[in-house]
file protein-v1.csv (CSV, C-alpha atoms)
chain,number,residue,atom,x,y,z
A,1,MET,CA,18.8,30.2,-23.7
A,2,ALA,CA,22.1,32.1,-24.0
A,3,GLY,CA,23.2,34.9,-21.8
A,4,ILE,CA,26.3,37.1,-21.7
A,5,ALA,CA,28.4,37.0,-18.6
A,6,ARG,CA,31.4,39.3,-18.1
A,7,TYR,CA,34.4,38.3,-16.1
A,8,PRO,CA,37.4,40.4,-15.3
A,9,HIS,CA,40.6,39.5,-17.0
A,10,ALA,CA,43.7,39.0,-14.9
A,11,SER,CA,45.2,42.2,-16.3
A,12,GLY,CA,42.1,44.3,-15.5
A,13,VAL,CA,40.6,44.4,-19.0
A,14,ILE,CA,36.9,43.5,-19.2
A,15,LYS,CA,36.2,40.8,-21.8
A,16,PRO,CA,32.8,39.3,-22.8
A,17,HIS,CA,32.3,35.6,-22.5
A,18,TYR,CA,29.2,33.5,-23.1
A,19,LEU,CA,27.5,31.3,-20.7
A,20,PHE,CA,25.3,28.7,-22.3
A,21,ILE,CA,22.8,26.9,-20.0
A,22,MET,CA,19.9,24.8,-21.1
A,23,LYS,CA,16.4,25.9,-20.0
A,24,LEU,CA,15.5,24.3,-16.7
A,25,LYS,CA,12.5,22.1,-16.3
A,26,LEU,CA,10.5,22.5,-13.1
A,27,THR,CA,11.1,19.1,-11.6
A,28,LYS,CA,11.4,18.2,-7.9
A,29,PRO,CA,15.0,17.1,-7.3
A,30,SER,CA,14.0,14.3,-5.0
A,31,SER,CA,11.8,12.6,-7.6
A,32,PHE,CA,13.9,13.4,-10.7
A,33,ARG,CA,14.7,10.6,-13.0
A,34,PRO,CA,15.7,10.9,-16.6
A,35,ALA,CA,12.7,10.0,-18.8
A,36,ARG,CA,13.1,7.0,-21.0
A,37,PRO,CA,12.4,8.1,-24.6
A,38,ALA,CA,9.5,6.5,-26.5
A,39,HIS,CA,11.9,4.9,-29.0
A,40,ALA,CA,13.8,3.1,-26.2
A,41,ARG,CA,13.1,-0.3,-27.9
A,42,SER,CA,15.1,0.8,-30.9
A,43,ARG,CA,18.2,1.5,-28.9
A,44,PRO,CA,20.9,-1.1,-28.1
A,45,ALA,CA,19.7,-3.7,-25.7
A,46,ALA,CA,22.7,-3.2,-23.4
A,47,VAL,CA,21.8,0.5,-22.9
A,48,ALA,CA,18.1,-0.2,-22.3
A,49,ALA,CA,19.1,-2.9,-19.8
A,50,LEU,CA,21.3,-0.4,-17.9
A,51,GLU,CA,18.5,2.1,-17.7
A,52,ALA,CA,16.0,-0.4,-16.5
A,53,ALA,CA,18.5,-1.7,-13.9
A,54,ALA,CA,19.2,1.9,-12.7
A,55,GLU,CA,15.4,2.5,-12.3
A,56,ASP,CA,14.9,-0.7,-10.4
A,57,GLY,CA,17.8,0.2,-8.1
A,58,ASP,CA,16.2,3.5,-7.3
A,59,GLU,CA,12.8,1.9,-6.5
A,60,ARG,CA,14.3,-0.7,-4.2
A,61,GLY,CA,16.9,1.7,-2.7
A,62,GLY,CA,19.7,-0.5,-4.0
A,63,GLY,CA,22.7,-0.2,-6.3
A,64,GLY,CA,21.3,2.1,-9.0
A,65,ARG,CA,22.0,5.8,-8.8
A,66,GLY,CA,19.5,8.4,-10.1
A,67,ARG,CA,21.6,11.3,-11.4
A,68,VAL,CA,25.3,11.2,-12.6
A,69,GLY,CA,27.0,14.1,-14.2
A,70,LEU,CA,30.3,14.3,-16.1
A,71,CYS,CA,32.1,17.7,-15.9
A,72,VAL,CA,35.0,18.3,-18.2
A,73,LEU,CA,37.6,21.0,-17.2
A,74,CYS,CA,39.7,22.2,-20.1
A,75,GLY,CA,42.4,24.8,-20.8
A,76,LEU,CA,46.1,25.3,-21.0
A,77,PRO,CA,48.5,23.7,-18.5
A,78,ALA,CA,48.7,25.8,-15.3
A,79,ALA,CA,45.5,27.7,-16.1
A,80,GLY,CA,44.0,26.7,-12.7
A,81,LYS,CA,42.1,23.5,-13.6
A,82,SER,CA,43.4,21.3,-10.9
A,83,SER,CA,42.9,23.9,-8.2
A,84,LEU,CA,39.3,24.3,-9.3
A,85,ALA,CA,38.8,20.6,-9.5
A,86,ARG,CA,40.0,20.1,-5.9
A,87,GLY,CA,37.8,23.0,-4.7
A,88,LEU,CA,34.7,21.5,-6.4
A,89,ARG,CA,35.4,18.0,-4.8
A,90,ARG,CA,35.6,19.6,-1.4
A,91,GLY,CA,32.8,22.1,-1.8
A,92,LEU,CA,30.0,20.3,-3.7
A,93,PRO,CA,29.3,17.8,-0.9
A,94,GLN,CA,29.2,20.6,1.6
A,95,ARG,CA,27.2,23.2,-0.3
A,96,ARG,CA,24.9,21.1,-2.4
A,97,GLY,CA,25.0,17.6,-0.8
A,98,TRP,CA,26.3,16.1,-4.1
A,99,ALA,CA,28.9,13.4,-4.1
A,100,CYS,CA,31.9,14.4,-6.2
A,101,ALA,CA,34.8,12.3,-7.6
A,102,LEU,CA,37.9,13.6,-9.4
A,103,LEU,CA,39.7,12.0,-12.3
A,104,THR,CA,43.0,13.8,-12.9
A,105,TYR,CA,44.6,12.6,-16.2
A,106,ASP,CA,48.1,13.6,-15.1
A,107,GLU,CA,47.9,11.1,-12.3
A,108,LEU,CA,46.1,8.3,-14.3
A,109,ILE,CA,48.2,8.4,-17.5
A,110,PRO,CA,51.9,7.5,-17.0
A,111,PRO,CA,54.6,10.0,-18.0
A,112,GLU,CA,56.2,7.6,-20.4
A,113,ALA,CA,53.0,7.7,-22.6
A,114,PHE,CA,54.1,11.2,-23.7
A,115,ARG,CA,57.7,10.5,-24.5
A,116,PRO,CA,58.3,10.8,-28.2
A,117,ARG,CA,59.7,7.8,-30.0
A,118,GLU,CA,62.9,8.1,-31.9
A,119,PRO,CA,62.4,8.5,-35.7
A,120,GLY,CA,62.3,5.2,-37.5
A,121,THR,CA,61.8,3.1,-34.4
A,122,GLU,CA,58.9,0.7,-34.1
A,123,PRO,CA,56.4,1.3,-31.3
A,124,ASP,CA,57.0,-0.8,-28.2
A,125,PRO,CA,53.7,-2.6,-27.3
A,126,SER,CA,54.8,-2.8,-23.7
A,127,LEU,CA,54.8,1.0,-23.4
A,128,PRO,CA,51.5,2.9,-23.8
A,129,ASP,CA,51.2,6.0,-25.9
A,130,TRP,CA,49.1,8.9,-24.9
A,131,LYS,CA,46.2,8.2,-27.3
A,132,GLN,CA,45.9,4.6,-26.2
A,133,SER,CA,46.1,5.7,-22.6
A,134,ARG,CA,43.3,8.2,-23.0
A,135,ARG,CA,41.1,5.5,-24.7
A,136,GLU,CA,41.9,3.0,-21.8
A,137,LEU,CA,41.0,5.7,-19.2
A,138,LEU,CA,37.6,6.3,-20.8
A,139,GLN,CA,37.0,2.5,-21.0
A,140,CYS,CA,37.7,2.3,-17.2
A,141,LEU,CA,35.3,5.2,-16.6
A,142,GLU,CA,32.6,3.5,-18.6
A,143,ARG,CA,32.9,0.4,-16.5
A,144,LEU,CA,32.6,2.5,-13.3
A,145,LEU,CA,29.5,4.2,-14.8
A,146,GLN,CA,27.9,0.8,-15.6
A,147,ALA,CA,28.5,-0.4,-12.1
A,148,LEU,CA,27.0,2.9,-10.7
A,149,LEU,CA,23.9,2.6,-12.8
A,150,THR,CA,23.3,-1.1,-12.3
A,151,GLY,CA,24.7,-2.0,-9.0
A,152,ASP,CA,26.7,-4.9,-10.6
A,153,PRO,CA,30.4,-5.5,-9.9
A,154,LEU,CA,32.9,-3.7,-11.9
A,155,ALA,CA,33.9,-5.6,-15.0
A,156,ASP,CA,37.6,-6.4,-15.3
A,157,PRO,CA,39.0,-5.2,-18.6
A,158,GLY,CA,41.4,-8.1,-18.9
A,159,PRO,CA,45.2,-8.3,-19.1
A,160,THR,CA,45.7,-5.9,-22.0
A,161,SER,CA,44.6,-2.8,-20.0
A,162,GLN,CA,45.6,-4.1,-16.5
A,163,PRO,CA,48.1,-1.3,-15.6
A,164,ALA,CA,45.5,1.4,-16.5
A,165,TRP,CA,42.8,-0.5,-14.7
A,166,GLU,CA,44.9,-0.8,-11.5
A,167,ARG,CA,45.7,3.0,-11.6
A,168,PHE,CA,42.0,3.7,-12.0
A,169,LEU,CA,40.9,1.4,-9.2
A,170,ALA,CA,43.5,2.9,-6.9
A,171,CYS,CA,42.1,6.4,-7.7
A,172,CYS,CA,38.6,5.3,-7.0
A,173,HIS,CA,39.6,3.6,-3.8
A,174,ARG,CA,41.2,6.8,-2.5
A,175,GLN,CA,37.9,8.7,-3.1
A,176,GLY,CA,35.7,6.1,-1.5
A,177,LEU,CA,34.0,5.1,-4.8
A,178,LEU,CA,34.5,1.4,-4.4
A,179,ARG,CA,34.0,-1.3,-1.8
A,180,SER,CA,35.0,-4.9,-1.8
A,181,MET,CA,32.3,-7.4,-2.5
A,182,GLU,CA,31.5,-10.3,-0.2
A,183,GLY,CA,33.9,-13.2,-0.8
A,184,GLY,CA,36.7,-10.9,-1.9
A,185,GLY,CA,38.5,-12.2,-4.9
A,186,GLY,CA,39.4,-8.7,-6.1
A,187,ARG,CA,35.7,-8.0,-7.0
A,188,TYR,CA,34.4,-4.5,-6.3
A,189,CYS,CA,31.1,-2.6,-6.6
A,190,ALA,CA,30.7,1.1,-7.0
A,191,HIS,CA,29.8,2.9,-3.8
A,192,THR,CA,29.1,6.6,-2.9
A,193,ALA,CA,27.9,8.1,0.3
A,194,GLY,CA,24.3,9.1,0.3
A,195,SER,CA,21.7,8.9,-2.4
A,196,GLY,CA,22.1,12.3,-4.0
A,197,PRO,CA,23.6,13.1,-7.4
A,198,LEU,CA,27.2,12.2,-8.2
A,199,TYR,CA,29.5,14.5,-10.3
A,200,ILE,CA,32.6,13.1,-11.8
A,201,ILE,CA,35.1,15.9,-12.7
A,202,LEU,CA,37.6,15.1,-15.5
A,203,ASP,CA,40.7,17.3,-15.1
A,204,ASP,CA,42.8,17.5,-18.3
A,205,ASN,CA,43.7,20.0,-21.0
A,206,PHE,CA,41.0,18.7,-23.5
A,207,TYR,CA,42.4,21.2,-26.0
A,208,TYR,CA,40.7,19.6,-29.0
A,209,GLN,CA,37.0,19.5,-29.3
A,210,SER,CA,37.2,15.9,-30.4
A,211,MET,CA,38.7,15.0,-26.9
A,212,ARG,CA,35.8,16.6,-25.2
A,213,TYR,CA,33.3,15.0,-27.6
A,214,GLU,CA,34.5,11.5,-26.6
A,215,VAL,CA,33.3,12.3,-23.0
A,216,PHE,CA,30.0,13.7,-24.3
A,217,GLN,CA,29.4,10.5,-26.3
A,218,LEU,CA,29.8,8.5,-23.1
A,219,ALA,CA,27.3,10.8,-21.4
A,220,ARG,CA,24.9,10.4,-24.3
A,221,LYS,CA,25.2,6.6,-24.3
A,222,TYR,CA,24.0,6.3,-20.8
A,223,SER,CA,21.8,9.5,-20.6
A,224,LEU,CA,24.0,11.2,-18.1
A,225,SER,CA,24.4,14.9,-17.4
A,226,TYR,CA,27.3,16.7,-19.2
A,227,CYS,CA,28.9,20.1,-19.0
A,228,GLN,CA,32.3,21.7,-19.6
A,229,ILE,CA,34.2,24.5,-18.0
A,230,PHE,CA,36.9,26.2,-20.1
A,231,LEU,CA,39.5,28.1,-18.1
A,232,GLU,CA,41.0,31.0,-20.3
A,233,SER,CA,44.2,32.3,-18.7
A,234,PRO,CA,46.8,34.5,-20.5
A,235,LEU,CA,49.6,32.4,-22.1
A,236,GLU,CA,52.3,34.3,-20.2
A,237,CYS,CA,50.6,33.7,-16.9
A,238,CYS,CA,50.4,29.9,-17.6
A,239,LEU,CA,54.1,29.9,-18.6
A,240,GLN,CA,55.1,31.6,-15.3
A,241,ARG,CA,53.0,29.3,-13.2
A,242,ASN,CA,54.3,26.3,-15.0
A,243,ARG,CA,57.9,27.2,-14.4
A,244,LEU,CA,57.2,27.2,-10.6
A,245,ARG,CA,56.0,23.6,-10.6
A,246,SER,CA,58.2,20.8,-9.4
A,247,HIS,CA,57.9,19.1,-12.8
A,248,PRO,CA,57.3,21.9,-15.3
A,249,LEU,CA,56.5,21.2,-19.0
A,250,PRO,CA,58.7,22.7,-21.6
A,251,ASP,CA,57.6,26.2,-22.7
A,252,GLN,CA,57.4,25.1,-26.3
A,253,THR,CA,54.8,22.4,-25.3
A,254,ILE,CA,52.5,25.1,-23.9
A,255,HIS,CA,53.1,27.4,-26.8
A,256,LEU,CA,52.2,24.6,-29.2
A,257,MET,CA,49.0,23.8,-27.2
A,258,ALA,CA,48.0,27.4,-27.2
A,259,SER,CA,48.2,27.5,-31.0
A,260,LYS,CA,46.0,24.4,-31.3
A,261,ILE,CA,43.5,24.8,-28.5
A,262,GLU,CA,39.8,24.9,-29.5
A,263,MET,CA,37.4,26.8,-27.3
A,264,PRO,CA,33.7,25.7,-26.9
A,265,ASP,CA,31.7,26.7,-30.0
A,266,LEU,CA,28.0,26.6,-29.5
A,267,LYS,CA,27.2,27.8,-33.1
A,268,LYS,CA,29.2,24.9,-34.5
A,269,ASN,CA,28.6,22.2,-31.9
A,270,ALA,CA,25.1,22.0,-30.3
A,271,TRP,CA,26.6,19.4,-27.9
A,272,GLU,CA,28.7,22.1,-26.3
A,273,GLN,CA,25.6,24.1,-25.2
A,274,ASN,CA,26.4,23.4,-21.5
A,275,SER,CA,29.7,25.3,-21.5
A,276,LEU,CA,31.2,28.0,-19.3
A,277,VAL,CA,34.2,30.1,-20.2
A,278,LEU,CA,36.0,31.7,-17.3
A,279,GLN,CA,39.0,33.8,-16.7
A,280,GLY,CA,41.6,32.4,-14.3
A,281,SER,CA,40.8,34.9,-11.5
A,282,ASP,CA,37.1,33.7,-11.5
A,283,CYS,CA,37.9,30.0,-11.2
A,284,THR,CA,36.9,29.3,-7.6
A,285,SER,CA,34.5,26.5,-6.5
A,286,GLU,CA,32.3,29.2,-4.9
A,287,ASN,CA,31.6,30.9,-8.3
A,288,GLU,CA,27.8,30.9,-8.6
A,289,GLN,CA,28.0,30.6,-12.4
A,290,ILE,CA,29.8,27.3,-12.0
A,291,ILE,CA,27.2,26.0,-9.5
A,292,ALA,CA,24.4,27.2,-11.9
A,293,LEU,CA,26.0,25.4,-14.8
A,294,LEU,CA,26.4,22.1,-12.8
A,295,ALA,CA,22.8,22.3,-11.5
A,296,ALA,CA,21.3,23.0,-15.0
A,297,ALA,CA,23.2,20.1,-16.5
A,298,LEU,CA,22.0,17.7,-13.8
A,299,GLU,CA,18.4,18.7,-14.5
A,300,ASN,CA,18.8,18.1,-18.2
A,301,PRO,CA,20.7,14.9,-18.9
A,302,VAL,CA,21.8,14.3,-22.4
A,303,LYS,CA,19.2,12.5,-24.5
A,304,GLN,CA,20.1,9.6,-26.7
A,305,ASN,CA,19.5,10.7,-30.3
A,306,GLU,CA,20.5,7.7,-32.4
A,307,GLU,CA,17.7,8.6,-34.9
A,308,ASN,CA,19.1,12.1,-35.4
A,309,THR,CA,20.7,12.0,-38.8
A,310,GLU,CA,22.0,15.6,-38.6
A,311,GLN,CA,23.8,14.8,-35.3
A,312,LYS,CA,25.3,11.7,-36.8
A,313,GLU,CA,26.7,13.8,-39.7
A,314,ALA,CA,28.1,16.2,-37.2
A,315,ASP,CA,29.7,13.4,-35.3
A,316,ARG,CA,31.3,12.0,-38.4
A,317,ALA,CA,32.6,15.4,-39.4
A,318,ILE,CA,34.3,15.9,-36.0
A,319,CYS,CA,35.9,12.4,-36.2
A,320,ALA,CA,37.0,13.0,-39.8
A,321,ALA,CA,38.6,16.4,-38.9
A,322,SER,CA,40.5,14.8,-36.1
A,323,ALA,CA,41.7,12.0,-38.3
A,324,VAL,CA,42.9,14.4,-41.0
A,325,HIS,CA,44.7,16.5,-38.5
A,326,GLN,CA,46.6,13.5,-37.1
A,327,ALA,CA,47.3,12.3,-40.7
A,328,ASP,CA,48.7,15.8,-41.5
A,329,GLN,CA,51.1,15.6,-38.6
A,330,THR,CA,52.3,12.1,-39.5
A,331,CYS,CA,52.7,13.1,-43.2
A,332,ARG,CA,54.8,16.1,-42.3
A,333,ARG,CA,57.1,13.9,-40.2
A,334,LEU,CA,57.4,11.4,-43.1
A,335,VAL,CA,58.2,14.2,-45.6
A,336,SER,CA,60.9,15.6,-43.3
A,337,GLN,CA,62.5,12.1,-42.9
A,338,ALA,CA,62.4,11.6,-46.6
A,339,MET,CA,64.2,14.9,-47.3
A,340,LYS,CA,66.8,14.1,-44.7
A,341,GLU,CA,67.4,10.7,-46.4
A,342,ALA,CA,67.8,12.5,-49.8
A,343,ARG,CA,70.3,15.0,-48.4
A,344,ASP,CA,72.3,12.2,-46.9
A,345,LYS,CA,72.5,10.8,-50.4
A,346,ASN,CA,74.1,14.0,-51.7
A,347,ILE,CA,71.3,14.9,-54.1
A,348,LEU,CA,71.9,18.2,-55.9
A,349,PRO,CA,70.1,21.2,-54.4
A,350,SER,CA,68.1,21.8,-57.5
A,351,GLU,CA,66.8,18.2,-57.3
A,352,LEU,CA,66.1,18.5,-53.6
A,353,LYS,CA,63.9,21.5,-54.4
A,354,SER,CA,62.0,19.4,-56.9
A,355,LEU,CA,61.7,16.5,-54.6
A,356,ALA,CA,60.3,18.7,-51.8
A,357,GLU,CA,57.7,20.1,-54.2
A,358,GLU,CA,56.6,16.6,-55.3
A,359,LEU,CA,56.3,15.4,-51.7
A,360,ASN,CA,54.4,18.4,-50.6
A,361,LYS,CA,52.0,18.1,-53.6
A,362,LEU,CA,51.5,14.4,-52.7
A,363,LYS,CA,50.8,15.3,-49.1
A,364,ALA,CA,48.2,18.0,-50.1
A,365,GLU,CA,46.5,15.6,-52.5
A,366,PHE,CA,46.5,12.8,-50.0
A,367,LEU,CA,45.0,14.9,-47.2
A,368,GLU,CA,42.3,16.3,-49.6
A,369,ASP,CA,41.4,12.8,-50.6
A,370,MET,CA,41.0,11.9,-46.9
A,371,ARG,CA,38.7,14.9,-46.4
A,372,GLN,CA,36.6,13.8,-49.3
A,373,GLY,CA,36.8,10.1,-48.5
A,374,LYS,CA,38.2,9.2,-51.9
A,375,HIS,CA,40.8,6.7,-50.8
A,376,LEU,CA,40.0,3.5,-52.7
A,377,LYS,CA,39.1,0.6,-50.4
A,378,SER,CA,40.7,-1.8,-52.9
A,379,GLN,CA,44.0,0.0,-52.4
A,380,LEU,CA,43.7,-0.1,-48.6
A,381,SER,CA,42.8,-3.7,-48.5
A,382,VAL,CA,46.0,-4.6,-50.3
A,383,GLN,CA,48.0,-2.6,-47.8
A,384,ASN,CA,45.9,-3.4,-44.7
A,385,GLN,CA,48.0,-6.0,-42.8
A,386,CYS,CA,46.9,-4.6,-39.5
A,387,SER,CA,43.6,-3.9,-37.9
A,388,ASP,CA,44.0,-0.1,-37.6
A,389,PRO,CA,42.6,1.6,-40.7
A,390,ASP,CA,44.4,4.9,-39.9
A,391,THR,CA,47.7,3.1,-39.9
A,392,SER,CA,46.9,1.4,-43.2
A,393,VAL,CA,46.1,4.8,-44.8
A,394,ILE,CA,49.4,6.3,-43.6
A,395,SER,CA,51.3,3.2,-44.9
A,396,LEU,CA,49.8,3.9,-48.3
A,397,PHE,CA,51.2,7.5,-48.2
A,398,GLN,CA,54.6,6.2,-47.0
A,399,LEU,CA,54.7,3.8,-50.0
A,400,GLU,CA,53.9,6.5,-52.5
A,401,ALA,CA,56.4,8.9,-50.9
A,402,ALA,CA,59.1,6.2,-51.1
A,403,LYS,CA,58.5,5.8,-54.8
A,404,ILE,CA,59.0,9.5,-55.4
A,405,VAL,CA,62.2,9.6,-53.3
A,406,ASN,CA,63.6,6.5,-55.1
A,407,LYS,CA,63.3,8.3,-58.5
A,408,TYR,CA,65.8,10.9,-57.3
A,409,ILE,CA,68.1,8.6,-55.3
A,410,LEU,CA,68.4,5.9,-58.0
A,411,LYS,CA,69.1,8.3,-60.9
call {"tool": "encode", "arguments": {"input": "protein-v1.csv", "output": "structure tokens"}}
result
Amino acid sequence: MAGIARYPHASGVIKPHYLFIMKLKLTKPSSFRPARPAHARSRPAAVAALEAAAEDGDERGGGGRGRVGLCVLCGLPAAGKSSLARGLRRGLPQRRGWACALLTYDELIPPEAFRPREPGTEPDPSLPDWKQSRRELLQCLERLLQALLTGDPLADPGPTSQPAWERFLACCHRQGLLRSMEGGGGRYCAHTAGSGPLYIILDDNFYYQSMRYEVFQLARKYSLSYCQIFLESPLECCLQRNRLRSHPLPDQTIHLMASKIEMPDLKKNAWEQNSLVLQGSDCTSENEQIIALLAAALENPVKQNEENTEQKEADRAICAASAVHQADQTCRRLVSQAMKEARDKNILPSELKSLAEELNKLKAEFLEDMRQGKHLKSQLSVQNQCSDPDTSVISLFQLEAAKIVNKYILK
């Protein structure tokens, strides 16, 4: 069901916001366990095994945990997300008896991951970029979830993700989520006090829907609870708060994020139905709307819907939109670099104008082909010298752009 909730804006203006909460099922919390769908046999064996292990753990009072929820906090920098996250971590165990853990992306992703590379330089494999760091963090979270559900030791990700894994382990240790296994050897098992539900709060901007959807996919894979809280704070207020921080972000970074941020959209994305939009002044851990959202999500874990063709199409559309957006940003940078190179060669202004028109036309056609999926696999296979298909597609654009530039430079 959908209801309208009104929250006061910081400036005193009343704005309507929507609170989407799934209809509750009347189930005793002490005996609640996510039902295993009838088509469980058709799901991946690994997922079915995790569910069975979790159920066995509940019955014997062992390692498995009954209810686990993932709560995503999203909004502009300095909107109040971290303050809310800390308040929830303190308050949920006291008010509801729920265990609560906090994953703060600013602490788990190193600052160097966000530093832009110099144009024309090759990426340094020893330095993580922010996209890779986000992927590694979700991989670490998945290993923790597997350990929570099965009672098995945490699986080591191997040397390639070791720095990210060590940061993640340290974060979990500080919050009492891990304990060393007998015999030592750096082996850990997941551990939380009590047998009640566990909420894991993810504190980040999550300004693209695709970023939040990655977390939702993880919840769906293991039939966990999922919800998201969007903190809507005036841009100027966020800028002022940010300037007071010990390590403020550049104003232009927040302005850029504000122009790109995507609010929860229930009409477009059914998976965002457990969402709450709040003004900054309402973002306290005592807010009853927040507690209601968390409780509703716990009672209604995400169902695995691998047979749902419509949802699969929606998933593909979101992933495709994200890929096109990233390709657009890269193509713009490549066009800019090509124009600089042409100016350095003292090409006439009239020819520079023609060159710019050709490159922009190529970019528009290229992006439209990406949206329509018309890039020829045979062309990509010739160019594909690396395992990343996105990189191969961009390389194809770069090659075509270079041909156009050379027409003007070599006249």
call {"tool": "residues_around", "arguments": {"input": "protein-v1.csv", "residues": "region 87-102 of chain A", "least_positions_apart": "3", "cutoff": "9 Å", "atoms": "only C-alpha atoms", "output": "JSON, numbers by chain"}}
result
{"A": [82, 83, 84, 171, 172, 175, 176, 177, 192, 193, 194, 195, 196, 197, 198, 199, 200, 201, 202, 203, 284, 285, 286, 291]}
call {"tool": "residues_around", "arguments": {"input": "protein-v1.csv", "residues": "region 341-352 of chain A", "least_positions_apart": "2", "cutoff": "8 Å", "atoms": "all atoms listed in the file", "output": "PDB file with C-alpha atoms, in the coordinates of the input"}}
result
ATOM      1  CA  GLN A 337      62.500  12.100 -42.900  1.00  0.00           C
ATOM      2  CA  ALA A 338      62.400  11.600 -46.600  1.00  0.00           C
ATOM      3  CA  MET A 339      64.200  14.900 -47.300  1.00  0.00           C
ATOM      4  CA  SER A 354      62.000  19.400 -56.900  1.00  0.00           C
ATOM      5  CA  LEU A 355      61.700  16.500 -54.600  1.00  0.00           C
ATOM      6  CA  ALA A 356      60.300  18.700 -51.800  1.00  0.00           C
ATOM      7  CA  VAL A 405      62.200   9.600 -53.300  1.00  0.00           C
ATOM      8  CA  TYR A 408      65.800  10.900 -57.300  1.00  0.00           C
ATOM      9  CA  ILE A 409      68.100   8.600 -55.300  1.00  0.00           C
TER      10      ILE A 409
END
call {"tool": "residues_around", "arguments": {"input": "protein-v1.csv", "residues": "Ser225 (chain A)", "least_positions_apart": "3", "cutoff": "8 Å", "atoms": "only C-alpha atoms", "output": "list in words"}}
result
Arg67, Val68, Gly69, Leu70, Ala219, Ala297, Leu298, Glu299, Asn300, Pro301 and Val302 of chain A
call {"tool": "residues_around", "arguments": {"input": "protein-v1.csv", "residues": "region 255-269 of chain A", "least_positions_apart": "6", "cutoff": "8 Å", "atoms": "only C-alpha atoms", "output": "list in words"}}
result
Phe20, Gly75, Leu76, Tyr207, Tyr208, Gln209, Phe230, Leu235 and Ser275 of chain A
call {"tool": "closest_residue", "arguments": {"input": "protein-v1.csv", "among": "A:Ile394, A:Val215, A:Leu231, A:Ala292", "to": "Gln279 (chain A)", "atoms": "all atoms listed in the file"}}
result
A:Leu231
call {"tool": "residues_around", "arguments": {"input": "protein-v1.csv", "residues": "Leu362 (chain A)", "least_positions_apart": "2", "cutoff": "12 Å", "atoms": "all atoms listed in the file", "output": "MDAnalysis selection string"}}
result
chainID A and resid 328 331:332 334:335 355:360 364:369 396:405
call {"tool": "atom_distance", "arguments": {"input": "protein-v1.csv", "atom1": "CA of Gln329 (chain A)", "atom2": "CA of Leu138 (chain A)"}}
result
24.2 Å
call {"tool": "atom_distance", "arguments": {"input": "protein-v1.csv", "atom1": "CA of Gln228 (chain A)", "atom2": "CA of Val72 (chain A)"}}
result
4.6 Å
call {"tool": "atom_distance", "arguments": {"input": "protein-v1.csv", "atom1": "CA of Ala190 (chain A)", "atom2": "CA of Leu148 (chain A)"}}
result
5.5 Å
call {"tool": "closest_residue", "arguments": {"input": "protein-v1.csv", "among": "A:Leu144, A:Gln132, A:Thr150, A:Asn242", "to": "Leu178 (chain A)", "atoms": "all atoms listed in the file"}}
result
A:Leu144
call {"tool": "closest_residue", "arguments": {"input": "protein-v1.csv", "among": "A:Arg187, A:Lys361, A:Arg174, A:Lys131", "to": "Leu154 (chain A)", "atoms": "all atoms listed in the file"}}
result
A:Arg187
call {"tool": "axis_aligned_box", "arguments": {"input": "protein-v1.csv", "around": "region 275-293 of chain A", "padding_each_side": "4 Å", "output": "AutoDock Vina command-line options"}}
result
--center_x 33.0 --center_y 30.1 --center_z -13.2 --size_x 25.2 --size_y 17.6 --size_z 24.6
call {"tool": "closest_residue", "arguments": {"input": "protein-v1.csv", "among": "A:Asp204, A:Glu288, A:Glu232, A:Asp156", "to": "Leu108 (chain A)", "atoms": "only C-alpha atoms"}}
result
A:Asp204
call {"tool": "build_atoms", "arguments": {"input": "protein-v1.csv", "residues": "region 240-246 of chain A", "atoms": "N, CA, C and O atoms", "output": "PDB file, in the coordinates of the input"}}
result
ATOM      1  N   GLN A 240      54.425  31.269 -16.608  1.00  0.00           N
ATOM      2  CA  GLN A 240      55.100  31.600 -15.300  1.00  0.00           C
ATOM      3  C   GLN A 240      54.676  30.620 -14.236  1.00  0.00           C
ATOM      4  O   GLN A 240      55.532  30.172 -13.463  1.00  0.00           O
ATOM      5  N   ARG A 241      53.411  30.265 -14.169  1.00  0.00           N
ATOM      6  CA  ARG A 241      53.000  29.300 -13.200  1.00  0.00           C
ATOM      7  C   ARG A 241      53.610  27.932 -13.404  1.00  0.00           C
ATOM      8  O   ARG A 241      54.011  27.248 -12.461  1.00  0.00           O
ATOM      9  N   ASN A 242      53.684  27.553 -14.659  1.00  0.00           N
ATOM     10  CA  ASN A 242      54.300  26.300 -15.000  1.00  0.00           C
ATOM     11  C   ASN A 242      55.721  26.158 -14.562  1.00  0.00           C
ATOM     12  O   ASN A 242      56.169  25.112 -14.073  1.00  0.00           O
ATOM     13  N   ARG A 243      56.469  27.253 -14.722  1.00  0.00           N
ATOM     14  CA  ARG A 243      57.900  27.200 -14.400  1.00  0.00           C
ATOM     15  C   ARG A 243      58.096  27.073 -12.853  1.00  0.00           C
ATOM     16  O   ARG A 243      59.174  26.657 -12.417  1.00  0.00           O
ATOM     17  N   LEU A 244      57.079  27.385 -12.065  1.00  0.00           N
ATOM     18  CA  LEU A 244      57.200  27.200 -10.600  1.00  0.00           C
ATOM     19  C   LEU A 244      56.850  25.835 -10.133  1.00  0.00           C
ATOM     20  O   LEU A 244      57.010  25.532  -8.952  1.00  0.00           O
ATOM     21  N   ARG A 245      56.385  24.979 -11.031  1.00  0.00           N
ATOM     22  CA  ARG A 245      56.000  23.600 -10.600  1.00  0.00           C
ATOM     23  C   ARG A 245      57.259  22.759 -10.441  1.00  0.00           C
ATOM     24  O   ARG A 245      58.329  23.032 -11.001  1.00  0.00           O
ATOM     25  N   SER A 246      57.085  21.693  -9.663  1.00  0.00           N
ATOM     26  CA  SER A 246      58.200  20.800  -9.400  1.00  0.00           C
ATOM     27  C   SER A 246      58.612  20.026 -10.671  1.00  0.00           C
ATOM     28  O   SER A 246      59.790  19.689 -10.842  1.00  0.00           O
TER      29      SER A 246
END
